[in-house]
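Have a look at protein_15.pdb; it's PDB, C-alpha atoms:
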```pdb
ATOM      1  CA  MET A 254       2.998 -20.281 -63.831
ATOM      2  CA  LYS A 255       3.098 -16.655 -62.624
ATOM      3  CA  ASN A 256       1.316 -17.602 -59.392
ATOM      4  CA  ARG A 257       3.758 -20.426 -58.805
ATOM      5  CA  ILE A 258       6.742 -18.105 -59.262
ATOM      6  CA  LYS A 259       5.092 -15.545 -56.981
ATOM      7  CA  ASN A 260       4.501 -18.154 -54.265
ATOM      8  CA  MET A 261       8.080 -19.393 -54.541
ATOM      9  CA  TYR A 262       9.336 -15.807 -54.198
ATOM     10  CA  ILE A 263       7.189 -15.233 -51.099
ATOM     11  CA  LYS A 264       8.446 -18.462 -49.503
ATOM     12  CA  PHE A 265      12.026 -17.492 -50.359
ATOM     13  CA  LYS A 266      11.586 -14.110 -48.660
ATOM     14  CA  ILE A 267      10.144 -15.787 -45.553
ATOM     15  CA  ILE A 268      13.075 -18.215 -45.360
ATOM     16  CA  ILE A 269      15.692 -15.467 -45.801
ATOM     17  CA  LYS A 270      14.006 -13.287 -43.173
ATOM     18  CA  TYR A 271      13.764 -16.263 -40.813
ATOM     19  CA  ILE A 272      17.485 -17.025 -41.264
ATOM     20  CA  LEU A 273      18.444 -13.404 -40.519
ATOM     21  CA  GLN A 274      16.190 -13.260 -37.468
ATOM     22  CA  ASN A 275      17.514 -16.616 -36.280
ATOM     23  CA  ILE A 276      21.081 -15.339 -36.507
ATOM     24  CA  ARG A 277      20.087 -12.402 -34.310
ATOM     25  CA  VAL A 278      18.471 -14.751 -31.787
ATOM     26  CA  ILE A 279      21.554 -17.006 -31.724
ATOM     27  CA  ILE A 280      23.809 -13.991 -31.083
ATOM     28  CA  TYR A 281      21.477 -12.788 -28.325
ATOM     29  CA  LYS A 282      21.419 -16.194 -26.642
ATOM     30  CA  SER A 283      25.209 -16.466 -26.783
ATOM     31  CA  LYS A 284      25.665 -13.098 -25.032
ATOM     32  CA  ASN A 285      22.822 -13.005 -22.520
ATOM     33  CA  ARG A 286      21.700 -14.938 -19.487
ATOM     34  CA  LEU A 287      18.693 -17.128 -20.260
ATOM     35  CA  PRO A 288      15.854 -18.065 -17.901
ATOM     36  CA  ASP A 289      15.603 -21.540 -16.420
ATOM     37  CA  VAL A 290      12.438 -23.041 -17.980
ATOM     38  CA  LYS A 291      11.458 -26.519 -16.797
ATOM     39  CA  SER A 292      10.162 -29.200 -19.160
ATOM     40  CA  PHE A 293       6.616 -30.413 -19.783
ATOM     41  CA  ASP A 294       7.073 -33.413 -17.450
ATOM     42  CA  GLU A 295       8.691 -31.356 -14.699
ATOM     43  CA  THR A 296       5.846 -28.842 -14.885
ATOM     44  CA  ILE A 297       3.089 -31.466 -14.705
ATOM     45  CA  ASP A 298       4.834 -33.339 -11.882
ATOM     46  CA  LYS A 299       5.024 -30.126  -9.822
ATOM     47  CA  ILE A 300       1.295 -29.586 -10.320
ATOM     48  CA  ILE A 301       0.371 -33.173  -9.419
ATOM     49  CA  TYR A 302       2.776 -34.055  -6.620
ATOM     50  CA  ASP A 303       3.356 -30.646  -5.018
ATOM     51  CA  ARG A 304      -0.208 -29.405  -5.637
ATOM     52  CA  LYS A 305       1.066 -26.226  -7.250
ATOM     53  CA  SER A 306      -1.044 -23.814  -9.252
ATOM     54  CA  LEU A 307       0.041 -22.632 -12.697
ATOM     55  CA  CYS A 308      -0.346 -19.366 -14.544
ATOM     56  CA  ARG A 309       0.946 -19.079 -18.093
ATOM     57  CA  PHE A 310       2.384 -16.409 -20.361
ATOM     58  CA  GLY A 311       2.250 -16.605 -24.146
ATOM     59  CA  ASP A 312       2.308 -14.053 -26.943
ATOM     60  CA  GLY A 313      -1.125 -12.755 -25.871
ATOM     61  CA  GLU A 314       0.006 -11.955 -22.335
ATOM     62  CA  PHE A 315       3.261 -10.435 -23.621
ATOM     63  CA  ASN A 316       1.276  -8.270 -26.037
ATOM     64  CA  ILE A 317      -0.894  -6.996 -23.185
ATOM     65  CA  ILE A 318       2.264  -6.207 -21.187
ATOM     66  CA  ASN A 319       3.451  -4.209 -24.214
ATOM     67  CA  ASN A 320       0.110  -2.321 -24.234
ATOM     68  CA  ARG A 321      -1.394  -3.983 -27.304
ATOM     69  CA  ASN A 322      -4.869  -5.359 -27.914
ATOM     70  CA  ILE A 323      -5.372  -9.030 -28.666
ATOM     71  CA  GLY A 324      -8.326 -10.705 -30.365
ATOM     72  CA  PHE A 325     -10.459 -11.324 -27.290
ATOM     73  CA  GLN A 326      -9.035  -8.844 -24.780
ATOM     74  CA  GLN A 327      -8.663  -5.108 -25.222
ATOM     75  CA  ASN A 328      -5.543  -3.580 -23.747
ATOM     76  CA  ASN A 329      -6.130  -2.778 -20.083
ATOM     77  CA  GLN A 330      -3.556  -0.894 -18.029
ATOM     78  CA  LYS A 331      -4.425  -2.663 -14.788
ATOM     79  CA  LEU A 332      -4.166  -6.057 -16.499
ATOM     80  CA  SER A 333      -0.817  -5.058 -18.007
ATOM     81  CA  GLU A 334       0.552  -4.057 -14.606
ATOM     82  CA  ARG A 335      -0.714  -7.240 -12.959
ATOM     83  CA  LEU A 336       0.955  -9.373 -15.637
ATOM     84  CA  LYS A 337       4.260  -7.516 -15.214
ATOM     85  CA  ASP A 338       4.163  -8.135 -11.482
ATOM     86  CA  ILE A 339       3.273 -11.839 -11.828
ATOM     87  CA  LEU A 340       6.085 -12.362 -14.348
ATOM     88  CA  GLU A 341       8.549 -11.580 -11.560
ATOM     89  CA  ASN A 342       7.316 -14.792  -9.893
ATOM     90  CA  LYS A 343       7.025 -13.927  -6.189
ATOM     91  CA  ASN A 344       4.418 -16.525  -5.227
ATOM     92  CA  SER A 345       5.790 -19.895  -4.122
ATOM     93  CA  ASN A 346       2.339 -21.525  -4.453
ATOM     94  CA  CYS A 347       2.020 -20.718  -8.149
ATOM     95  CA  LEU A 348       4.281 -21.829 -10.984
ATOM     96  CA  VAL A 349       4.785 -19.211 -13.672
ATOM     97  CA  GLY A 350       4.907 -20.635 -17.188
ATOM     98  CA  ILE A 351       6.629 -18.916 -20.089
ATOM     99  CA  PRO A 352       7.242 -20.121 -23.669
ATOM    100  CA  ASN A 353      10.350 -22.281 -23.743
ATOM    101  CA  VAL A 354      11.729 -20.662 -26.883
ATOM    102  CA  PHE A 355      15.116 -20.002 -25.314
ATOM    103  CA  THR A 356      16.346 -23.475 -26.284
ATOM    104  CA  PRO A 357      16.478 -24.998 -29.803
ATOM    105  CA  MET A 358      13.008 -25.716 -31.229
ATOM    106  CA  LYS A 359      14.060 -28.873 -33.064
ATOM    107  CA  ASN A 360      10.789 -30.802 -33.032
ATOM    108  CA  ARG A 361       8.607 -27.802 -33.865
ATOM    109  CA  THR A 362       6.918 -27.047 -37.166
ATOM    110  CA  PHE A 363       8.494 -24.495 -39.470
ATOM    111  CA  ARG A 364       5.475 -22.219 -39.009
ATOM    112  CA  PHE A 365       5.955 -22.320 -35.229
ATOM    113  CA  ARG A 366       9.683 -21.599 -35.487
ATOM    114  CA  VAL A 367       9.130 -18.686 -37.879
ATOM    115  CA  PHE A 368       6.490 -17.155 -35.590
ATOM    116  CA  TRP A 369       8.474 -17.455 -32.365
ATOM    117  CA  THR A 370      11.797 -16.449 -33.905
ATOM    118  CA  LYS A 371      10.150 -13.286 -35.242
ATOM    119  CA  TYR A 372       8.350 -12.747 -31.934
ATOM    120  CA  PHE A 373      11.614 -13.227 -30.024
ATOM    121  CA  VAL A 374      13.347 -10.551 -32.092
ATOM    122  CA  ASN A 375      10.487  -8.033 -32.086
ATOM    123  CA  ASN A 376       9.041  -8.480 -28.605
ATOM    124  CA  ILE A 377      11.189 -10.460 -26.183
ATOM    125  CA  ILE A 378      14.599  -8.873 -26.806
ATOM    126  CA  GLY A 379      14.608  -5.624 -24.837
ATOM    127  CA  ASN A 380      10.908  -5.725 -23.937
ATOM    128  CA  ILE A 381      10.168  -8.955 -22.072
ATOM    129  CA  ASP A 382      13.599 -10.280 -21.125
ATOM    130  CA  ASN A 383      14.274  -7.307 -18.849
ATOM    131  CA  ARG A 384      11.123  -8.141 -16.879
ATOM    132  CA  LEU A 385      12.087 -11.745 -16.159
ATOM    133  CA  ASN A 386      13.355 -12.736 -12.733
ATOM    134  CA  PHE A 387      16.545 -14.649 -13.466
ATOM    135  CA  ASN A 388      16.774 -15.795  -9.850
ATOM    136  CA  SER A 389      13.516 -17.665 -10.284
ATOM    137  CA  ILE A 390      12.553 -20.908 -12.002
ATOM    138  CA  TYR A 391       9.966 -20.798 -14.771
ATOM    139  CA  TYR A 392       7.839 -23.603 -16.140
ATOM    140  CA  ASP A 393       6.528 -24.711 -19.511
ATOM    141  CA  SER A 394       3.622 -22.527 -20.660
ATOM    142  CA  PHE A 395       3.200 -24.818 -23.692
ATOM    143  CA  ILE A 396       1.769 -27.670 -21.598
ATOM    144  CA  SER A 397      -1.593 -26.526 -23.018
ATOM    145  CA  ARG A 398      -0.351 -27.089 -26.588
ATOM    146  CA  PRO A 399       0.910 -30.681 -26.878
ATOM    147  CA  TYR A 400      -0.115 -31.336 -30.479
ATOM    148  CA  ILE A 401      -0.515 -28.947 -33.404
ATOM    149  CA  ASP A 402       2.893 -27.225 -33.348
ATOM    150  CA  TYR A 403       5.007 -30.390 -33.327
ATOM    151  CA  LYS A 404       6.596 -32.075 -36.349
ATOM    152  CA  ASP A 405       6.460 -35.442 -34.615
ATOM    153  CA  ARG A 406       2.997 -35.613 -33.081
ATOM    154  CA  ASN A 407       3.389 -39.140 -31.701
ATOM    155  CA  GLN A 408       4.203 -37.689 -28.282
ATOM    156  CA  ALA A 409       0.785 -35.992 -28.027
ATOM    157  CA  LYS A 410      -1.083 -39.025 -26.653
ATOM    158  CA  TYR A 411       1.445 -39.415 -23.836
ATOM    159  CA  LYS A 412       1.215 -35.712 -22.987
ATOM    160  CA  PHE A 413      -2.589 -35.627 -22.947
ATOM    161  CA  ASN A 414      -2.638 -38.685 -20.689
ATOM    162  CA  LYS A 415      -0.155 -36.967 -18.390
ATOM    163  CA  LEU A 416      -2.334 -33.847 -18.290
ATOM    164  CA  LYS A 417      -5.359 -35.966 -17.385
ATOM    165  CA  GLU A 418      -3.543 -37.111 -14.242
ATOM    166  CA  ILE A 419      -3.992 -33.576 -12.847
ATOM    167  CA  TRP A 420      -7.743 -34.034 -12.442
ATOM    168  CA  ASN A 421      -7.881 -37.815 -12.121
ATOM    169  CA  ASN A 422     -10.674 -38.696  -9.659
ATOM    170  CA  LYS A 423     -10.824 -35.033  -8.555
ATOM    171  CA  GLU A 424     -13.747 -32.660  -8.238
ATOM    172  CA  ILE A 425     -13.014 -29.944 -10.787
ATOM    173  CA  ILE A 426     -14.459 -26.519 -11.428
ATOM    174  CA  ILE A 427     -13.913 -25.080 -14.890
ATOM    175  CA  ILE A 428     -13.877 -21.298 -15.225
ATOM    176  CA  GLU A 429     -14.234 -20.574 -18.932
ATOM    177  CA  GLY A 430     -15.623 -18.295 -21.605
ATOM    178  CA  GLU A 431     -19.304 -18.819 -22.292
ATOM    179  CA  ASN A 432     -18.628 -20.579 -25.626
ATOM    180  CA  SER A 433     -15.478 -22.498 -24.694
ATOM    181  CA  ARG A 434     -17.250 -25.667 -23.486
ATOM    182  CA  LEU A 435     -14.132 -27.481 -22.360
ATOM    183  CA  GLY A 436     -14.404 -31.246 -22.567
ATOM    184  CA  ILE A 437     -17.819 -31.239 -24.227
ATOM    185  CA  GLY A 438     -17.889 -33.685 -27.140
ATOM    186  CA  ASN A 439     -14.709 -35.452 -26.046
ATOM    187  CA  ASP A 440     -13.373 -37.482 -23.112
ATOM    188  CA  LEU A 441     -10.787 -34.991 -21.823
ATOM    189  CA  PHE A 442     -12.360 -34.865 -18.346
ATOM    190  CA  SER A 443     -13.981 -38.306 -18.303
ATOM    191  CA  ASN A 444     -11.709 -39.367 -15.420
ATOM    192  CA  ALA A 445     -12.733 -36.439 -13.184
ATOM    193  CA  LYS A 446     -14.878 -37.238 -10.144
ATOM    194  CA  SER A 447     -17.256 -34.353 -10.860
ATOM    195  CA  ILE A 448     -17.402 -31.209 -13.010
ATOM    196  CA  GLY A 449     -18.824 -27.780 -12.268
ATOM    197  CA  ARG A 450     -18.585 -24.676 -14.463
ATOM    198  CA  ILE A 451     -18.497 -20.936 -14.042
ATOM    199  CA  LEU A 452     -19.241 -19.233 -17.359
ATOM    200  CA  CYS A 453     -17.663 -15.847 -18.063
ATOM    201  CA  PRO A 454     -17.675 -13.420 -21.005
ATOM    202  CA  SER A 455     -15.705 -14.775 -23.972
ATOM    203  CA  LYS A 456     -14.249 -11.335 -24.732
ATOM    204  CA  ASP A 457     -12.742  -8.695 -22.433
ATOM    205  CA  ALA A 458     -13.202 -10.931 -19.394
ATOM    206  CA  PHE A 459     -10.829  -8.811 -17.326
ATOM    207  CA  GLU A 460     -13.416  -6.017 -17.298
ATOM    208  CA  TYR A 461     -15.396  -8.301 -14.942
ATOM    209  CA  TYR A 462     -12.426  -9.574 -12.967
ATOM    210  CA  ASP A 463     -13.617  -8.553  -9.500
ATOM    211  CA  GLU A 464     -16.909 -10.391 -10.012
ATOM    212  CA  ILE A 465     -15.165 -13.476 -11.412
ATOM    213  CA  LEU A 466     -12.745 -13.605  -8.468
ATOM    214  CA  TYR A 467     -15.613 -13.113  -5.999
ATOM    215  CA  ARG A 468     -17.539 -16.048  -7.466
ATOM    216  CA  ALA A 469     -14.416 -18.222  -7.685
ATOM    217  CA  LYS A 470     -13.679 -17.724  -3.983
ATOM    218  CA  LYS A 471     -16.955 -19.491  -3.175
ATOM    219  CA  ILE A 472     -15.516 -22.757  -4.534
ATOM    220  CA  ASP A 473     -14.556 -25.448  -2.038
ATOM    221  CA  LYS A 474     -10.776 -25.549  -1.688
ATOM    222  CA  SER A 475     -10.677 -29.309  -2.155
ATOM    223  CA  SER A 476     -11.590 -28.807  -5.826
ATOM    224  CA  VAL A 477      -9.093 -28.360  -8.638
ATOM    225  CA  ILE A 478      -9.868 -25.192 -10.586
ATOM    226  CA  LEU A 479      -9.156 -25.207 -14.331
ATOM    227  CA  ILE A 480      -9.245 -21.833 -16.075
ATOM    228  CA  ALA A 481      -9.521 -21.027 -19.795
ATOM    229  CA  LEU A 482     -10.001 -17.280 -20.012
ATOM    230  CA  GLY A 483      -7.099 -15.737 -21.919
ATOM    231  CA  PRO A 484      -4.829 -13.328 -19.993
ATOM    232  CA  THR A 485      -7.487 -13.107 -17.266
ATOM    233  CA  ALA A 486      -6.728 -16.761 -16.469
ATOM    234  CA  THR A 487      -3.094 -15.881 -15.777
ATOM    235  CA  VAL A 488      -4.071 -13.363 -13.114
ATOM    236  CA  LEU A 489      -6.921 -15.453 -11.708
ATOM    237  CA  ALA A 490      -4.813 -18.594 -11.237
ATOM    238  CA  TYR A 491      -2.148 -16.529  -9.495
ATOM    239  CA  ASP A 492      -4.610 -14.786  -7.169
ATOM    240  CA  LEU A 493      -6.539 -17.950  -6.306
ATOM    241  CA  SER A 494      -3.299 -19.709  -5.378
ATOM    242  CA  ASN A 495      -2.757 -16.960  -2.793
ATOM    243  CA  TYR A 496      -6.134 -17.856  -1.292
ATOM    244  CA  GLY A 497      -5.166 -21.508  -0.901
ATOM    245  CA  TYR A 498      -6.704 -22.924  -4.090
ATOM    246  CA  GLN A 499      -5.046 -25.120  -6.666
ATOM    247  CA  ALA A 500      -5.811 -23.273  -9.891
ATOM    248  CA  ILE A 501      -4.404 -24.168 -13.297
ATOM    249  CA  ASP A 502      -4.464 -21.889 -16.324
ATOM    250  CA  ILE A 503      -5.293 -24.617 -18.831
ATOM    251  CA  GLY A 504      -5.689 -22.416 -21.900
ATOM    252  CA  HIS A 505      -6.125 -24.125 -25.278
ATOM    253  CA  THR A 506      -5.776 -27.709 -23.995
ATOM    254  CA  ASP A 507      -9.319 -28.690 -24.989
ATOM    255  CA  ILE A 508      -9.011 -27.265 -28.528
ATOM    256  CA  GLU A 509      -5.638 -28.974 -28.953
ATOM    257  CA  TYR A 510      -7.283 -32.207 -27.815
ATOM    258  CA  GLU A 511     -10.033 -31.755 -30.414
ATOM    259  CA  TRP A 512      -7.374 -31.277 -33.111
ATOM    260  CA  PHE A 513      -5.514 -34.349 -31.829
ATOM    261  CA  LEU A 514      -8.657 -36.489 -31.981
ATOM    262  CA  SER A 515      -9.399 -35.299 -35.521
ATOM    263  CA  ASN A 516      -5.793 -35.994 -36.599
ATOM    264  CA  THR A 517      -5.651 -32.635 -38.372
ATOM    265  CA  LYS A 518      -2.323 -31.114 -39.400
ATOM    266  CA  VAL A 519      -3.688 -27.563 -39.451
ATOM    267  CA  LYS A 520      -5.801 -25.525 -37.045
ATOM    268  CA  ILE A 521      -9.496 -26.007 -37.766
ATOM    269  CA  ASN A 522     -12.819 -24.759 -36.430
ATOM    270  CA  ILE A 523     -14.700 -26.764 -33.835
ATOM    271  CA  PRO A 524     -18.338 -25.923 -34.687
ATOM    272  CA  HIS A 525     -19.739 -25.735 -31.129
ATOM    273  CA  LYS A 526     -16.678 -24.095 -29.502
ATOM    274  CA  PHE A 527     -14.999 -20.700 -29.662
ATOM    275  CA  VAL A 528     -11.642 -21.004 -31.478
ATOM    276  CA  ASN A 529      -9.916 -17.631 -31.476
ATOM    277  CA  GLU A 530      -6.987 -18.693 -33.715
ATOM    278  CA  VAL A 531      -9.027 -19.672 -36.787
ATOM    279  CA  ASP A 532     -10.985 -17.449 -39.191
ATOM    280  CA  GLY A 533     -14.655 -17.791 -38.356
ATOM    281  CA  GLY A 534     -13.840 -19.402 -35.025
ATOM    282  CA  ASP A 535     -16.102 -16.925 -33.252
ATOM    283  CA  ILE A 536     -19.143 -18.139 -35.220
ATOM    284  CA  ILE A 537     -20.626 -20.722 -32.877
ATOM    285  CA  GLN A 538     -23.303 -23.200 -33.843
ATOM    286  CA  THR A 539     -26.451 -23.474 -31.743
ATOM    287  CA  PHE A 540     -25.692 -25.926 -28.993
ATOM    288  CA  LYS A 541     -27.818 -27.881 -26.532
ATOM    289  CA  ASN A 542     -26.411 -30.448 -24.129
ATOM    290  CA  GLU A 543     -28.197 -31.408 -20.926
ATOM    291  CA  GLU A 544     -25.075 -32.711 -19.192
ATOM    292  CA  TYR A 545     -23.244 -29.457 -19.912
ATOM    293  CA  GLU A 546     -26.169 -27.320 -18.693
ATOM    294  CA  ASN A 547     -26.343 -29.307 -15.449
ATOM    295  CA  GLN A 548     -22.669 -28.612 -14.776
ATOM    296  CA  ILE A 549     -23.104 -24.822 -14.806
ATOM    297  CA  ILE A 550     -23.084 -23.436 -11.258
ATOM    298  CA  GLU A 551     -22.557 -19.722 -12.012
ATOM    299  CA  ARG A 552     -22.990 -17.430 -15.009
ATOM    300  CA  ILE A 553     -21.163 -14.130 -15.280
ATOM    301  CA  ILE A 554     -22.494 -13.206 -18.694
ATOM    302  CA  ILE A 555     -22.952  -9.546 -19.512
TER     303      ILE A 555
END
```
What do you get writing this file as structure tokens?
Amino acid sequence: MKNRIKNMYIKFKIIIKYILQNIRVIIYKSKNRLPDVKSFDETIDKIIYDRKSLCRFGDGEFNIINNRNIGFQQNNQKLSERLKDILENKNSNCLVGIPNVFTPMKNRTFRFRVFWTKYFVNNIIGNIDNRLNFNSIYYDSFISRPYIDYKDRNQAKYKFNKLKEIWNNKEIIIIEGENSRLGIGNDLFSNAKSIGRILCPSKDAFEYYDEILYRAKKIDKSSVILIALGPTATVLAYDLSNYGYQAIDIGHTDIEYEWFLSNTKVKINIPHKFVNEVDGGDIIQTFKNEEYENQIIERIII
């Protein structure tokens, strides 16, 4: 009985705090200019039909900008400065994605709304908003998260199928952390013409950025480059687009797809993949897969 009362009290406090923070966000939005953030479909269509690259900003990238460490990337001043510069969106070849939390989050889970309302109050107001280029168009950074944070998850299948159109019948190169293993154990990239992989350190990848960029520039420009490498992916996609590549910061898409296939309502571990958002997600089971090994063309593992 005492535990039940305690849990009810905790939930009550969370709801009250969320309401107060939400009021502050509503007031802010009513008084300030908001960025133009395009939808999921508009973002994907730009990538497919205009062959644009995409780099994405989420709470991790914003935390690095604000000189904080995140789970798999220590704060790095050069990385912080690069992210600030990219956020101003000066490259016409590369779409810049930011979280579309400036409009009502009606179809989002309560957990999602609590997190981003709190994050909006504590990090975006006065810290991130003054770095945005309001003369520029931004795109949906949440294209990599079509499933777990939605109340109605029926739209997930459509969104994953739309994402798959990006690499349909294309030669793709995946630049990923050494334990990410995108597409292994599922059919996410089954419609790609071919798959190659460059494996990078799972943590603090930006410390090896020059080497990663050097190896990436060896890739044939007819390939589509998909990157899952935390904040390093944001910078890499942006830089590669300047060299004439189509590079997409694909982030957590594969993990979201695994959760979608398992029909889970909460974030869970995937035994043979690194999942940074779940306790124990960095404990990876021994893994052997001949197809995966044959796809590896470069290893930047320190």
State, in Å with one decimal place, the distance from CA of Thr296 (chain A) to CA of Arg309 (chain A).
-> 11.4 Å
Hey, can you check how far CA of Gly497 (chain A) sits from CA of Leu348 (chain A)?
->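 A separation of 13.8 Å between them.
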Could you give me, as a count of residues only, the residues within 10 Å of Asn320 (chain A), counting all atoms listed in the file and dropping anything in the same chain fewer than 2 positions from it?
-> 14
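Of note, CA of Val531 (chain A) and CA of Ser455 (chain A) are spaced 15.3 Å apart.
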Spatial neighbours of region 392-403 of chain A, max dist 10 Å, only C-alpha atoms, sep filter under 3 positions, as number ranges by chain | A: 288-297, 299, 307-311, 348-354, 358-366, 406-413, 416, 502-513, 516-520
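With distances restricted to all atoms listed in the file, A:Thr370 is the closest residue to Ile272 (chain A) from A:Thr356, A:Lys284, A:Thr370, A:Asn388.
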Selected residue of minimal separation from Leu452 (chain A) among A:Ile553, A:Leu336, A:Ile381, A:Ile269, counting all atoms listed in the file =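 The shortest atom-to-atom distance to Leu452 (chain A) comes from A:Ile553.
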Judged by all atoms listed in the file, the minimum distance to Glu530 (chain A) among A:Tyr462, A:Asn342, A:Asp457, A:Phe325 is found for A:Phe325
For the file shown, report as a ChimeraX atom specification the outcome of the PyMOL selection byres ((chain A and resi 434) around 10) at residue level.
-> /A:427-433,435-438,450,452,481,507-508,525-527,545
Minimum-distance residue to Ile268 (chain A), chosen among A:Asn547, A:Val367, A:Gln538, A:Phe459 (using all atoms listed in the file) =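 Closest candidate: A:Val367.
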